[in-house]
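**Student:** Next comes coords-v1.csv, CSV, C-alpha atoms:
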chain,number,residue,atom,x,y,z
A,489,MET,CA,24.6,6.0,30.2
A,490,ILE,CA,21.6,8.0,29.1
A,491,ALA,CA,20.4,7.3,25.7
A,492,SER,CA,20.1,10.2,23.2
A,493,PRO,CA,16.7,11.6,22.4
A,494,LEU,CA,16.8,10.0,19.0
A,495,VAL,CA,17.5,6.5,20.4
A,496,ARG,CA,14.8,6.9,23.0
A,497,TYR,CA,12.3,8.0,20.3
A,498,ILE,CA,13.2,5.0,18.1
A,499,ILE,CA,12.8,2.6,21.0
A,500,VAL,CA,9.5,4.0,22.0
A,501,ARG,CA,8.1,4.0,18.4
A,502,PHE,CA,9.3,0.4,17.9
A,503,LEU,CA,7.7,-0.8,21.1
A,504,LEU,CA,4.4,0.9,20.0
A,505,ILE,CA,4.3,-1.6,17.1
A,506,ILE,CA,3.4,-4.4,19.5
A,507,PRO,CA,0.2,-3.0,20.9
A,508,THR,CA,-0.8,-1.6,17.5
A,509,VAL,CA,-0.5,-5.0,15.8
A,510,PHE,CA,-2.1,-6.7,18.8
A,511,ILE,CA,-5.2,-4.4,18.6
A,512,LEU,CA,-5.5,-4.8,14.9
A,513,VAL,CA,-5.2,-8.6,15.0
A,514,THR,CA,-7.7,-8.7,17.9
A,515,MET,CA,-10.2,-6.6,15.9
A,516,VAL,CA,-9.9,-8.9,12.9
A,517,PHE,CA,-10.4,-12.0,15.1
A,518,VAL,CA,-13.5,-10.5,16.7
A,519,PHE,CA,-15.1,-9.2,13.5
A,520,MET,CA,-14.5,-12.6,11.8
A,521,ARG,CA,-16.3,-14.4,14.7
A,522,ILE,CA,-19.3,-12.0,14.9
A,523,ILE,CA,-20.9,-13.6,11.8
A,524,GLY,CA,-20.3,-17.1,13.1
A,525,ASP,CA,-17.5,-19.7,13.0
A,526,PRO,CA,-15.5,-20.0,9.8
A,527,ILE,CA,-16.6,-23.6,9.1
A,528,THR,CA,-20.3,-22.7,9.0
A,529,ALA,CA,-19.5,-19.6,7.0
A,530,ALA,CA,-17.5,-21.4,4.4
A,531,GLN,CA,-19.4,-24.8,4.3
A,532,GLY,CA,-22.9,-23.9,5.5
A,533,GLY,CA,-25.5,-25.2,3.0
A,534,ARG,CA,-23.1,-27.7,1.5
A,535,LEU,CA,-22.8,-30.1,4.4
A,536,SER,CA,-25.2,-31.6,6.9
A,537,ALA,CA,-25.5,-30.4,10.4
A,538,ALA,CA,-23.7,-33.5,11.7
A,539,GLN,CA,-20.8,-33.0,9.3
A,540,LEU,CA,-20.5,-29.3,10.2
A,541,ASP,CA,-20.4,-30.2,13.9
A,542,GLN,CA,-17.7,-32.8,13.2
A,543,MET,CA,-15.6,-30.2,11.3
A,544,ARG,CA,-16.1,-27.5,14.0
A,545,GLU,CA,-15.0,-29.9,16.7
A,546,ALA,CA,-11.9,-31.0,14.7
A,547,ALA,CA,-10.9,-27.4,14.1
A,548,GLY,CA,-11.6,-26.4,17.7
A,549,TYR,CA,-14.4,-23.9,16.9
A,550,ASN,CA,-16.7,-25.4,19.5
A,551,ARG,CA,-14.4,-24.3,22.3
A,552,PRO,CA,-14.9,-21.0,24.2
A,553,LEU,CA,-14.0,-17.9,22.2
A,554,VAL,CA,-11.3,-16.9,24.7
A,555,VAL,CA,-9.6,-20.2,24.3
A,556,GLN,CA,-9.7,-19.9,20.5
A,557,TYR,CA,-8.3,-16.3,20.8
A,558,PHE,CA,-5.3,-17.2,22.8
A,559,GLU,CA,-4.6,-20.2,20.6
A,560,TYR,CA,-4.8,-17.9,17.6
A,561,LEU,CA,-2.3,-15.5,19.2
A,562,GLY,CA,0.0,-18.4,19.9
A,563,GLN,CA,-0.2,-19.6,16.3
A,564,ILE,CA,0.6,-16.1,15.0
A,565,LEU,CA,3.7,-15.9,17.3
A,566,ARG,CA,4.9,-19.1,15.7
A,567,GLY,CA,4.2,-17.8,12.2
A,568,ASP,CA,1.3,-20.1,11.7
A,569,PHE,CA,-1.8,-18.4,10.3
A,570,GLY,CA,-3.8,-21.6,9.8
A,571,THR,CA,-5.0,-23.4,6.6
A,572,THR,CA,-7.4,-22.0,4.1
A,573,LEU,CA,-10.8,-23.7,4.0
A,574,SER,CA,-11.5,-23.3,0.3
A,575,ASP,CA,-8.3,-24.7,-1.2
A,576,ASN,CA,-6.6,-26.3,1.8
A,577,ARG,CA,-3.4,-24.2,1.5
A,578,PRO,CA,-1.3,-22.9,4.4
A,579,VAL,CA,-2.1,-19.2,4.8
A,580,THR,CA,1.6,-18.4,5.1
A,581,GLU,CA,2.1,-19.9,1.6
A,582,VAL,CA,-0.6,-17.6,0.3
A,583,LEU,CA,1.0,-14.6,2.0
A,584,VAL,CA,4.4,-15.4,0.6
A,585,THR,CA,3.2,-16.2,-2.9
A,586,TYR,CA,1.0,-13.2,-3.4
A,587,GLY,CA,2.4,-10.6,-1.0
A,588,SER,CA,5.3,-9.7,-3.2
A,589,ALA,CA,2.9,-8.8,-6.0
A,590,THR,CA,1.0,-6.4,-3.8
A,591,VAL,CA,4.3,-4.8,-2.5
A,592,GLU,CA,5.4,-4.3,-6.1
A,593,LEU,CA,2.1,-2.6,-7.0
A,594,VAL,CA,2.1,-0.3,-4.0
A,595,PHE,CA,5.7,0.6,-4.8
A,596,TYR,CA,4.7,1.5,-8.4
A,597,GLY,CA,1.8,3.5,-7.0
A,598,LEU,CA,4.1,5.5,-4.8
A,599,ILE,CA,6.4,6.3,-7.7
A,600,VAL,CA,3.5,7.6,-9.8
A,601,ALA,CA,2.2,9.6,-6.8
A,602,PHE,CA,5.6,11.2,-6.4
A,603,LEU,CA,6.2,11.9,-10.1
A,604,ILE,CA,2.7,13.5,-10.5
A,605,GLY,CA,1.9,15.0,-7.1
A,606,ILE,CA,5.2,16.8,-6.2
A,607,PRO,CA,5.9,18.6,-9.5
A,608,LEU,CA,2.3,19.6,-10.0
A,609,GLY,CA,2.2,20.9,-6.4
A,610,MET,CA,5.2,23.0,-7.0
A,611,ILE,CA,3.6,24.5,-10.2
A,612,ALA,CA,0.4,25.2,-8.2
A,613,ALA,CA,2.3,27.0,-5.5
A,614,ALA,CA,4.3,29.1,-8.0
A,615,LYS,CA,1.1,30.0,-9.9
A,616,ARG,CA,-1.0,30.6,-6.8
A,617,ASP,CA,-4.5,32.0,-7.3
A,618,ARG,CA,-4.1,31.9,-11.1
A,619,TRP,CA,-5.8,29.6,-13.5
A,620,PRO,CA,-3.1,26.9,-13.5
A,621,ASP,CA,-3.5,26.7,-9.7
A,622,ALA,CA,-7.2,26.5,-9.9
A,623,GLY,CA,-7.0,23.7,-12.5
A,624,LEU,CA,-4.5,21.7,-10.5
A,625,ARG,CA,-6.5,22.0,-7.3
A,626,LEU,CA,-9.5,20.7,-9.2
A,627,PHE,CA,-7.4,17.8,-10.5
A,628,ALA,CA,-6.2,17.0,-7.0
A,629,ILE,CA,-9.8,16.8,-5.8
A,630,LEU,CA,-10.9,14.6,-8.7
A,631,ALA,CA,-7.8,12.3,-8.3
A,632,TYR,CA,-8.5,11.8,-4.6
A,633,ALA,CA,-12.3,11.4,-5.0
A,634,THR,CA,-12.6,9.2,-8.1
A,635,PRO,CA,-13.1,5.5,-7.1
A,636,VAL,CA,-10.0,3.6,-8.1
A,637,PHE,CA,-11.9,0.8,-9.8
A,638,PHE,CA,-13.8,3.4,-12.0
A,639,LEU,CA,-10.5,5.1,-12.9
A,640,GLY,CA,-9.0,1.7,-13.7
A,641,LEU,CA,-11.8,0.8,-16.0
A,642,LEU,CA,-11.6,4.2,-17.7
A,643,LEU,CA,-7.8,3.8,-18.3
A,644,LYS,CA,-8.4,0.3,-19.7
A,645,LEU,CA,-11.0,1.6,-22.1
A,646,VAL,CA,-8.9,4.4,-23.4
A,647,PHE,CA,-5.4,2.9,-23.5
A,648,SER,CA,-6.2,-0.7,-24.1
A,649,VAL,CA,-9.4,-0.9,-26.0
A,650,TRP,CA,-9.4,2.4,-28.0
A,651,LEU,CA,-5.7,3.0,-28.5
A,652,GLY,CA,-4.5,-0.6,-28.0
A,653,ILE,CA,-1.1,0.5,-26.7
A,654,LEU,CA,-1.1,-1.1,-23.2
A,655,PRO,CA,-2.2,-4.5,-21.9
A,656,THR,CA,-5.5,-4.8,-20.2
A,657,SER,CA,-4.7,-7.0,-17.3
A,658,GLY,CA,-2.1,-9.2,-15.6
A,659,ARG,CA,1.4,-8.7,-14.3
A,660,ALA,CA,3.2,-9.9,-17.5
A,661,SER,CA,2.5,-11.8,-20.7
A,662,SER,CA,2.4,-15.6,-20.7
A,663,ARG,CA,5.9,-15.8,-22.3
A,664,THR,CA,7.4,-13.6,-19.6
A,665,ARG,CA,5.7,-15.5,-16.8
A,666,ILE,CA,7.0,-18.8,-18.1
A,667,GLU,CA,10.5,-17.4,-18.3
A,668,LEU,CA,10.4,-16.0,-14.8
A,669,SER,CA,8.9,-19.2,-13.4
A,670,ARG,CA,12.0,-21.1,-14.6
A,671,MET,CA,14.5,-19.1,-12.7
A,672,GLU,CA,16.0,-20.2,-9.4
A,673,ASP,CA,15.0,-18.5,-6.1
A,674,PRO,CA,12.6,-16.0,-7.6
A,675,THR,CA,11.7,-13.0,-5.5
A,676,GLY,CA,8.1,-12.8,-6.7
A,677,ILE,CA,8.7,-9.2,-7.7
A,678,TYR,CA,8.5,-9.4,-11.5
A,679,LEU,CA,10.6,-6.3,-12.2
A,680,ILE,CA,13.5,-7.6,-10.1
A,681,ASP,CA,13.2,-11.1,-11.5
A,682,ALA,CA,13.1,-9.8,-15.1
A,683,ILE,CA,16.2,-7.8,-14.5
A,684,ARG,CA,17.9,-10.9,-13.0
A,685,VAL,CA,17.0,-12.9,-16.1
A,686,GLY,CA,18.8,-10.2,-18.2
A,687,ASP,CA,16.2,-10.0,-21.0
A,688,LEU,CA,15.3,-6.4,-21.7
A,689,SER,CA,12.1,-7.5,-23.5
A,690,ASP,CA,10.9,-9.1,-20.2
A,691,VAL,CA,11.7,-5.9,-18.3
A,692,ALA,CA,9.7,-3.9,-20.9
A,693,ASP,CA,6.8,-6.3,-20.8
A,694,VAL,CA,6.6,-6.2,-17.0
A,695,LEU,CA,6.7,-2.3,-17.0
A,696,GLN,CA,4.0,-2.1,-19.7
A,697,HIS,CA,1.7,-4.3,-17.6
A,698,ALA,CA,2.4,-2.1,-14.6
A,699,VAL,CA,1.6,1.3,-16.2
A,700,LEU,CA,-2.2,1.3,-16.0
A,701,PRO,CA,-2.7,-0.3,-12.5
A,702,ALA,CA,0.1,1.9,-11.1
A,703,THR,CA,-1.5,5.0,-12.6
A,704,ALA,CA,-4.9,4.1,-11.3
A,705,LEU,CA,-3.5,3.4,-7.8
A,706,GLY,CA,-1.0,6.3,-7.7
A,707,LEU,CA,-3.4,9.0,-8.7
A,708,LEU,CA,-5.3,8.3,-5.5
A,709,THR,CA,-2.3,9.5,-3.5
A,710,ALA,CA,-1.0,12.0,-6.0
A,711,GLY,CA,-3.9,14.3,-5.2
A,712,VAL,CA,-2.9,14.3,-1.6
A,713,PHE,CA,0.7,15.0,-2.3
A,714,LEU,CA,-0.2,17.8,-4.7
A,715,ARG,CA,-2.3,19.6,-2.0
A,716,LEU,CA,0.4,19.1,0.7
A,717,VAL,CA,3.3,20.4,-1.5
A,718,ARG,CA,1.2,23.4,-2.7
A,719,THR,CA,0.2,24.4,0.8
A,720,ASN,CA,3.6,24.1,2.4
A,721,MET,CA,5.4,25.7,-0.5
A,722,ILE,CA,3.1,28.7,-0.3
A,723,GLY,CA,3.9,29.0,3.4
A,724,THR,CA,7.6,28.7,2.7
A,725,LEU,CA,7.6,31.2,-0.2
A,726,ALA,CA,6.0,33.8,2.2
A,727,MET,CA,8.9,33.5,4.7
A,728,ASP,CA,11.4,36.4,5.3
A,729,TYR,CA,14.5,34.6,3.8
A,730,ILE,CA,12.6,34.0,0.6
A,731,ASP,CA,11.7,37.7,0.4
A,732,THR,CA,15.4,38.6,1.0
A,733,ALA,CA,16.5,36.2,-1.8
A,734,ARG,CA,13.9,37.7,-4.1
A,735,SER,CA,15.1,41.2,-3.3
A,736,ARG,CA,18.5,40.2,-4.4
A,737,GLY,CA,17.3,39.3,-7.8
A,738,VAL,CA,17.0,35.5,-7.4
A,739,SER,CA,14.6,34.1,-10.1
A,740,GLU,CA,11.2,32.6,-9.1
A,741,TYR,CA,12.3,29.3,-10.6
A,742,ARG,CA,15.4,29.1,-8.4
A,743,LEU,CA,13.4,30.2,-5.3
A,744,VAL,CA,10.9,27.4,-5.9
A,745,ARG,CA,13.4,24.7,-7.0
A,746,LYS,CA,16.3,25.5,-4.6
A,747,HIS,CA,14.8,27.2,-1.5
A,748,ALA,CA,11.2,26.1,-1.0
A,749,TYR,CA,11.3,22.6,-2.4
A,750,ARG,CA,13.0,20.7,0.4
A,751,PRO,CA,11.0,22.1,3.3
A,752,ALA,CA,7.8,21.3,1.5
A,753,LEU,CA,8.8,17.6,1.3
A,754,ILE,CA,8.8,17.0,5.1
A,755,PRO,CA,4.9,16.8,5.3
A,756,ILE,CA,5.1,14.3,2.4
A,757,VAL,CA,7.3,12.0,4.3
A,758,THR,CA,5.1,12.4,7.4
A,759,VAL,CA,2.0,11.1,5.6
A,760,ILE,CA,3.6,8.3,3.7
A,761,GLY,CA,2.6,5.9,6.4
A,762,MET,CA,-1.0,6.8,6.2
A,763,GLN,CA,-0.9,6.8,2.4
A,764,THR,CA,0.6,3.3,2.4
A,765,ALA,CA,-2.5,2.1,4.3
A,766,MET,CA,-4.7,3.9,1.7
A,767,LEU,CA,-2.7,2.3,-1.2
A,768,LEU,CA,-3.0,-1.1,0.4
A,769,GLY,CA,-6.8,-0.6,0.6
A,770,GLY,CA,-6.9,0.7,-3.0
A,771,ALA,CA,-4.8,-2.2,-4.1
A,772,VAL,CA,-7.7,-4.6,-3.4
A,773,LEU,CA,-9.8,-2.9,-6.0
A,774,THR,CA,-6.9,-2.2,-8.4
A,775,GLU,CA,-5.8,-5.8,-8.4
A,776,THR,CA,-9.3,-7.0,-9.0
A,777,THR,CA,-9.8,-4.5,-11.8
A,778,PHE,CA,-6.6,-5.4,-13.6
A,779,GLU,CA,-6.4,-9.1,-12.5
A,780,TRP,CA,-3.1,-8.3,-10.8
A,781,ARG,CA,-2.8,-11.5,-8.7
A,782,GLY,CA,-1.7,-10.1,-5.4
A,783,LEU,CA,-3.1,-10.2,-1.8
A,784,GLY,CA,-6.0,-7.9,-2.8
A,785,PHE,CA,-7.0,-10.1,-5.7
A,786,GLN,CA,-6.8,-13.2,-3.4
A,787,LEU,CA,-8.7,-11.4,-0.6
A,788,THR,CA,-11.7,-10.8,-2.9
A,789,HIS,CA,-11.5,-14.5,-3.9
A,790,TYR,CA,-11.5,-15.7,-0.3
A,791,LEU,CA,-14.3,-13.3,0.7
A,792,SER,CA,-16.4,-14.7,-2.1
A,793,ALA,CA,-15.7,-18.2,-0.8
A,794,ARG,CA,-16.4,-17.0,2.7
A,795,ASP,CA,-13.0,-18.4,3.7
A,796,PHE,CA,-12.4,-16.3,6.8
A,797,ILE,CA,-9.3,-18.1,7.9
A,798,ALA,CA,-7.5,-16.8,4.8
A,799,VAL,CA,-9.1,-13.4,5.1
A,800,GLN,CA,-8.0,-13.2,8.7
A,801,GLY,CA,-4.4,-14.0,7.8
A,802,ILE,CA,-4.3,-11.6,4.9
A,803,VAL,CA,-5.7,-8.7,6.9
A,804,ALA,CA,-3.4,-9.4,9.8
A,805,LEU,CA,-0.4,-9.2,7.4
A,806,LEU,CA,-1.6,-5.9,5.9
A,807,ALA,CA,-1.9,-4.6,9.4
A,808,VAL,CA,1.7,-5.5,10.2
A,809,ILE,CA,2.9,-3.9,7.0
A,810,VAL,CA,1.1,-0.6,7.8
A,811,ALA,CA,2.5,-0.6,11.4
A,812,VAL,CA,6.1,-1.3,10.3
A,813,THR,CA,5.8,1.3,7.5
A,814,ASN,CA,4.6,3.9,10.0
A,815,PHE,CA,7.6,3.0,12.3
A,816,LEU,CA,10.1,3.5,9.4
A,817,VAL,CA,8.4,6.8,8.4
A,818,ASP,CA,8.6,8.1,12.0
A,819,ILE,CA,12.4,7.4,12.1
A,820,ILE,CA,12.9,9.2,8.8
A,821,VAL,CA,10.9,12.2,10.0
A,822,ALA,CA,12.9,12.2,13.3
A,823,LEU,CA,16.2,12.2,11.3
A,824,ILE,CA,14.9,15.1,9.1
A,825,ASP,CA,13.3,17.2,11.8
A,826,PRO,CA,15.1,17.1,15.2
A,827,ARG,CA,12.1,18.7,16.9
A,828,VAL,CA,10.2,15.4,16.6
A,829,ARG,CA,12.6,13.6,19.0
A,830,TYR,CA,11.8,15.8,22.0
Let me see the structure of the file written as structure tokens.
**Tutor:**
Amino acid sequence: MIASPLVRYIIVRFLLIIPTVFILVTMVFVFMRIIGDPITAAQGGRLSAAQLDQMREAAGYNRPLVVQYFEYLGQILRGDFGTTLSDNRPVTEVLVTYGSATVELVFYGLIVAFLIGIPLGMIAAAKRDRWPDAGLRLFAILAYATPVFFLGLLLKLVFSVWLGILPTSGRASSRTRIELSRMEDPTGIYLIDAIRVGDLSDVADVLQHAVLPATALGLLTAGVFLRLVRTNMIGTLAMDYIDTARSRGVSEYRLVRKHAYRPALIPIVTVIGMQTAMLLGGAVLTETTFEWRGLGFQLTHYLSARDFIAVQGIVALLAVIVAVTNFLVDIIVALIDPRVRY
């Protein structure tokens, strides 16, 4: 029985995850070894040469690089990313503990990007070549080009220091964190855990702490969404069926909202995979700026400690997240647009 084009497409895209992750993991392994072995990088200057040699031999870093590489691949296949050098924790424990915080922040960032980028892109298209369009295009450029850490510091200055209406850092207040830590089988995603606790004050506290970091991170992608929606809606509004509807007396609002809106969203879905990679990169700076204790925050900590075992595991996980996200996006695009399957 011959599989349908959609099924073949999904199988091919799924199989492509394997070489993608393999290449990314290999690059991380090689780059981490270019500057020397992890033991020397983390403990050099603190231990004697004899102690360093003893630790390298115990960890297997005195063996040929090819042998270390295949052993590392075998460990990953078993779900073992090693043990951190700076605090002696299994890397998998670090990934599980802090990964949920990063996923939560990226989700918030995407929500902000959708809420800001799509409506403003529709307005820019409807007001093409007029002053609202020019202003929104400038806003899109600034949102994309402004460093996320600078925007985060600016938001903290305005809304936390000057106005005093939003918290400056953290994922929740101390009271909320204590309550969430007492629950059984927490997900690590504070919003879900706060809802499970059933206290609306905890939910409000979690959302208040998420506003500034989500805005700083989301604006990075909102500018991209704005430009994409504007460009595609302008093209859609110039098509014949739109002119026909306009000649029948259909209002411009209805043309934009009902007829040109959905076709303009297809490119948004297409670039979500790439934007997720951008958001994960931006999350490193955002988490550091707002002390949001996720993978990005921990990554900067381990980089400062020159703990390349931990860095290697975190970057490998981020690579897997990006590859899987792109796979899911490809499936959604194929379901929306049948032309992609052939």
**Student:** Pick out the closest residue to A:Thr709 from this set: A:Ala631, A:Leu603, A:Ala546, A:Leu504. Count all atoms listed in the file.
**Tutor:**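 With all atoms listed in the file as the atom set, the closest residue is A:Ala631.
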**Student:** Env of A:Phe517: 7 Å cut, atoms = only C-alpha atoms, seq-sep filter 4 positions within chain, self excluded. Answer as an MDAnalysis selection string.
**Tutor:** chainID A and resid 513 521 800
**Student:** Counting all atoms listed in the file, what is within 9 Å of A:Gly658, bar same-chain residues fewer than 2 positions away, as a list in words?
**Tutor:**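 My reading of the contact set: Pro655, Thr656, Ala660, Ser661, His697, Ala698, Glu775, Phe778, Glu779, Trp780 and Arg781 of chain A.
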**Student:** Leaving out stretch 737-745 of chain A and any residue of its chain fewer than 2 positions from it, which residues lie within 8 Å of it when counting only C-alpha atoms, given as a PyMOL selection string?
**Tutor:** chain A and resi 610+614+721+725+730+733-735+747-749
**Student:** Can you work out the spacing between atom CA of A:Thr590 and atom CA of A:Ile629 in Å, to one decimal?
**Tutor:**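 Distance reported for this atom pair: 25.7 Å.
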**Student:** Find the residues with any atom within 10 Å of (-13.3, -10.5, -6.8); use all atoms listed in the file and the coordinates as given in the file, and write the answer as a PyMOL selection string.
**Tutor:** chain A and resi 772-773+775-777+779+784-792
**Student:** What's around A:Arg718 at 10 Å? Count all atoms listed in the file, leave out sequence neighbours fewer than 4 positions away in its own chain, and write the answer as a list in words.
**Tutor:**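 So the residues in contact are Gly605, Ile606, Pro607, Leu608, Gly609, Met610, Ile611, Ala612, Ala613, Ala614, Lys615, Arg616, Asp621, Leu624, Arg625, Phe713, Leu714, Ile722, Gly723, Thr724 and Ala752 of chain A.
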**Student:** Write out as JSON an axis-aligned box for stretch 796-805 of chain A: all of its atoms listed in the file, 3 Å added on each side, centre and edge lengths in Å with one decimal.
**Tutor:**
{"center_x": -6.4, "center_y": -13.4, "center_z": 7.3, "size_x": 18.0, "size_y": 15.4, "size_z": 11.0}
